[in-house]
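Undergrad: Take a look at this one; I'll ask things after.
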Amino acid sequence: MRKIWGLAVLSAIHSTAFANTNIVTAQCKDYMQPENWKPLASLPKHAIDIVADDLELQGTDSAEFSGNVVINTETMSLEARRALIDKKEGLLSASGPLLYRDQFTKVHSNGLFADLNANTVSLLGAEYELTDQQGRGGAEKLHASGSKISLDNSSFTTCPADDPFWSIEASSIVLSREDGWGETYNTVFKIMDTPIIYLPYFTFPIDDRRKSGLLTPTISSSNKFGLELITPYYLNLAPNYDATLTPRYMANKGFQLITEFRYLTEQHQGKIGVEYLSKDDSEPQLDDRYLVHWQQKSYLSDKWRAFVDVTNVSDDNYLTDLTSEYANETDTQLYRTGSLSYLGDDWLVDLKLQDFEVLGDHRESYTALPQISFRTRDSYELVGLDWDFEGEFAYFQNDTLAISEASRLHLEPRVSFSRSDYAWSFTSEARLLHTRYEQNIDAPDTDYEESVTRTLPSLRVHGQLNFERSTEFFFEQGTQTLEPQIQYLYTPHREQSQIGWYDTAKLQDDFIGLFRARRYSGYDRIAEANQFTVGATTRVFDSSNVERFNFSAGQIIYLESSVKPSEQLFTDDTNYNALFAAESMLHWHKRWYLSGGVQYDVDSKELVQSHFTLDYKGDNKQLVQLNHRYVNDVSDYEIDQVGLFTSLPIDDNWQFVASYHRDMTANRSVESFVGVQYQSCCWAIQVTANRQIETNLNQTLTNDEAVFDSGFSLKFVLTGLGSQSSGDASKLLQQGIFGYRRPYFLNK
């Protein structure tokens with residue numbers, strides 16, 4: 001028979017201790033995690049639906065149901081042999097075997113008792129499964145009250161098998177949805193039913209909220225470090241700041257402590273990292289070795305921003321010897337800067353303090369203390385022309401160079417005329433570049449002068465046409481565009497050898513760079529120009545307006561021999577004339593992406609540089625990338641390297657990753673990496689091995705003297721007990737000197 005009682009809802013007795021953690025993999029759901037429970041769709045609000053073979057009323061307030069009893073409320077369902085409900089006292093008891101289900105749990109039990117007024121429920125001889133996340137186990141008694149579940153003489157695991165790979169057994173387990181964590185008392189941790197360790201008290205997460213605890217340790221071995229053990233410990237200090245303490249033991253070097261503190265306020269966010277090694281056993285001549293890193297972004301108001309990024313190391317070879325996540329081990333300079341920006345209605349102003357720590361035997365750099373740049377926010381229209389203005393004041397200092405101090409004031413007004421439509425665009429602009437230097441010269445017999453004023457105009461005219469047509473050549477209902485463009489650039493000659501070299505560098509000569517108005521960043525060198533640049537881009541779009549192909553090519557045509565880069569000789573770097581640049585992209589399938597570019601000196605018939613990348617990203621974490629890079633002169637070295645990245649699934653649980661880079665000029669490998677990952681519902685393991693060339697910033701090695709470091713790493717994760725495996729072994733490819741970079745168009 002069926003009976004609906006208008007009692008208070010049993011919402012308080014269901015186990016609300018679990019929040020959605022979204023950590024269950026697809027294969028785990030198929031054979032472990034039960035389906036989420038749903039209430040009866042036809043159940044009236046604040047009602048209980050009861051179905052049973054027999055009903056015996058005990059007065060007006062109580063009833064006993066027996067034989068295939070099924071009870072449903074808005075928040076739970078119960079299947080039992082017998083149930084007794086006392087409406088007056090608000091009590092519910094049931095005997096089993098019974099099945100209790102709610103939004104978060106599925107429990108097989110021998111008996112149930114619930115106090116509806118106290119909002120509690122107790123289940124005896126419980127075998128439970130979690131429906132909103134991984135987790136199951138048994139308990140002599142399961143007690144739910146509000147947002148907590150208490151388990152007496154219980155077990156817990158995230159493994160699906162009857163014989164789990166790992167489990168914990170404890171005299172008491174408390175699971176709190178409000179806190180997002182579980183607590184265990186008198187705990188025995190088992191692997192393959194073998195006791196491993198006893199812990200009087202232990203905590204673990206039941207959702208993705210943060211709490212202090214040990215993160216996944218890493219064990220590795222290499223020629224450089226020997227046996228290495230990294231055991232990070234996370235400290236959840238407050239909702240808006242936390243810290244991580246990472247002891248790092250290296251058999252060949254000693255004990256290092258790595259710390260990181262992160263903070264977040266309404267106006268500031270940042271992190272402070274400190275790494276310290278008191279004594280390096282492999283470098284006994286060195287004192288304490290350390291790294292300090294501070295990065296902060298500040299939003300002071302709608303118009304004011306601030307930024308700090310500082311990294312400092314104890315010695316030049318710190319990064320190559322010890323590595324760090326705050327800088328790359330091949331870096332030759334550490335960038336240190338602090339800036340304050342003003343975003344006004346009329347002006348944009350940046351105040352910057354900038355310094356470099358030079359690592360190894362490389363050219364010293366100047367500090368900029370300060371560097372103030374300013375420009376108009378928008379152009380002002382007058383007599384049909386757009387007028388704007390920019391400028392900069394900078395003070396440079398380095399006591400070890402020929403010019404120990406210098407100040408630079410640069411003022412640059414600009415007037416322009418622009419028109420554009422769908423099919424064309426035209427821009428003409430004229431600039432006046434005025435720069436004043438005051439230089440403190442310490443070295444005798446130089447061309448430098450204490451006071452230098454340089455003023456010169458610059459003219460740029462640029463035009464572009466946009467053609468479009470329908471095409472069926474590549475795709476049905478496709479569209480092809482053709483965008484030819486031409487630019488004329490004129491800047492007269494000015495003698496600049498009397499000016500120091502402070503913060504100026506040569507810009508990239510790729511296709512986009514051909515159409516720049518300047519050849520150098522900064523203001524210390526302004527290249528003479530009297531040249532045309534011609535180029536064109538063609539693109540192909542499919543019927544969904546997705547760009548599938550493009551090709552761009554352009555070349556600079558110098559109208560005078562004196563304006564060729566090889567004639568100006570601003571630096572000792574190789575200069576190329578009549579530069580031709582091209583680049584292309586082919587994205588013919590959502591899984592395939594091909595890109596490349598080339599720069600070629602037409603005068604000398606010499607390839608300057610080129611790059612090529614072929615990517616495939618398939619279903620189920622399949623990834624393959626082949627790349628090649630060539631540069632004919634980088635600090636008097638030729639770079640000719642080929643690289644391969646791959647990440648391939650072996651089956652649902654196993655994944656293989658590898659990368660390989662080879663120096664074709666030296667005919668040797670530069671870096672090789674291989675790894676495998678196993679991941680199941682309840683545990684994961686990553687095993688990797690690598691071999692890469694070592695960098696020593698204090699000496700230059702020949703090809704025959706190159707030293708390689710080989711290493712091995714092991715990472716083990718128990719799902720549900722702290723750190724979780726990423727589940728994406730391809731992230732391993734981001735390690736090493738050459739990290740994998742996903743193409744922009746490959747989003748899936």
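Chain labels A, B, ... are given in the sequence in which chains occur in the structure tokens; within each chain residues are numbered consecutively from 1, and ligands are likewise numbered from 1 in the order shown.
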Given only C-alpha atoms, how would the per-residue table for stretch 309-372 of chain A near stretch 240-255 of chain A read, listing every residue at most 12 Å away with its closest atom pair and distance in Å to one decimal, sorted by chain and number, as a tab-separated table?

TA:
residue	atom	partner	partner_atom	distance
A:Asp321	CA	A:Lys253	CA	9.6
A:Leu322	CA	A:Lys253	CA	9.0
A:Thr323	CA	A:Arg248	CA	12.0
A:Ser324	CA	A:Arg248	CA	11.9

Undergrad: Please write the residues from the selection above to a file, keeping C-alpha atoms, as a PDB file, in the first residue's frame.

TA:
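The new file out23.pdb reads:
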ATOM      1  CA  ASP A 321      73.499  24.058 -10.769  1.00  0.00           C
ATOM      2  CA  LEU A 322      70.272  23.909  -8.758  1.00  0.00           C
ATOM      3  CA  THR A 323      67.435  24.914 -11.181  1.00  0.00           C
ATOM      4  CA  SER A 324      64.396  26.920 -10.086  1.00  0.00           C
TER       5      SER A 324
END

Undergrad: Find the residues around A:Met585 up to 7 Å (only C-alpha atoms counted), leave out those fewer than 6 positions away in its own chain, and share them as an mmCIF file with N, CA and C atoms, in the first residue's frame.

TA:
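Saved result, around_16.cif, follows:
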data_model
loop_
_atom_site.group_PDB
_atom_site.id
_atom_site.type_symbol
_atom_site.label_atom_id
_atom_site.label_comp_id
_atom_site.auth_asym_id
_atom_site.auth_seq_id
_atom_site.Cartn_x
_atom_site.Cartn_y
_atom_site.Cartn_z
ATOM 1 N N PHE A 549 44.193 28.742 -43.799
ATOM 2 C CA PHE A 549 45.484 28.881 -44.477
ATOM 3 C C PHE A 549 45.820 30.348 -44.608
ATOM 4 N N ASN A 550 47.097 30.671 -44.461
ATOM 5 C CA ASN A 550 47.564 32.004 -44.809
ATOM 6 C C ASN A 550 49.011 31.920 -45.277
ATOM 7 N N PHE A 551 49.379 32.867 -46.076
ATOM 8 C CA PHE A 551 50.757 32.981 -46.566
ATOM 9 C C PHE A 551 51.068 34.449 -46.735
ATOM 10 N N LEU A 594 50.195 23.275 -39.295
ATOM 11 C CA LEU A 594 51.528 23.438 -39.876
ATOM 12 C C LEU A 594 51.851 24.920 -39.952
ATOM 13 N N SER A 595 52.999 25.302 -39.461
ATOM 14 C CA SER A 595 53.408 26.704 -39.524
ATOM 15 C C SER A 595 54.897 26.778 -39.818
ATOM 16 N N GLY A 596 55.314 27.876 -40.413
ATOM 17 C CA GLY A 596 56.722 28.056 -40.724
ATOM 18 C C GLY A 596 57.013 29.476 -41.130
#

Undergrad: Can you check which parts of stretch 109-156 of chain A lie within 6 Å of stretch 171-187 of chain A? Per residue, the shortest pair of atoms and distance in Å to one decimal, counting only C-alpha atoms, sorted by chain and number, as JSON lines.

TA:
{"residue": "A:Ser147", "atom": "CA", "partner": "A:Arg177", "partner_atom": "CA", "distance": 5.5}
{"residue": "A:Lys148", "atom": "CA", "partner": "A:Ser176", "partner_atom": "CA", "distance": 4.5}
{"residue": "A:Ile149", "atom": "CA", "partner": "A:Leu175", "partner_atom": "CA", "distance": 5.1}
{"residue": "A:Ser150", "atom": "CA", "partner": "A:Val174", "partner_atom": "CA", "distance": 4.5}
{"residue": "A:Leu151", "atom": "CA", "partner": "A:Ile173", "partner_atom": "CA", "distance": 5.0}
{"residue": "A:Asp152", "atom": "CA", "partner": "A:Ser172", "partner_atom": "CA", "distance": 4.7}
{"residue": "A:Asn153", "atom": "CA", "partner": "A:Ser171", "partner_atom": "CA", "distance": 4.3}

Undergrad: So what do you get for atom CA of A:Asp652 versus atom CA of A:Val624, distance-wise?

TA: 18.5 Å

Undergrad: Given only C-alpha atoms, how would the per-residue table for stretch 165-225 of chain A near stretch 273-287 of chain A read, listing every residue at most 12 Å away with its closest atom pair and distance in Å to one decimal, sorted by chain and number, as CSV?

TA:
residue,atom,partner,partner_atom,distance
A:Asn223,CA,A:Ser282,CA,11.6
A:Lys224,CA,A:Ser282,CA,9.0
A:Phe225,CA,A:Ser282,CA,9.1

Undergrad: Pick from A:His268, A:His362, A:Lys621, A:Lys141: nearest to A:Tyr299, with only C-alpha atoms counted?

TA: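 Closest residue, counting only C-alpha atoms: A:His268.
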
Undergrad: Could you check which of A:Asp509, A:Glu140, A:Glu89, A:Asp447 is closest to A:Gly597, using only C-alpha atoms?

TA: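 Using only C-alpha atoms, the shortest distance to A:Gly597 belongs to A:Asp509.
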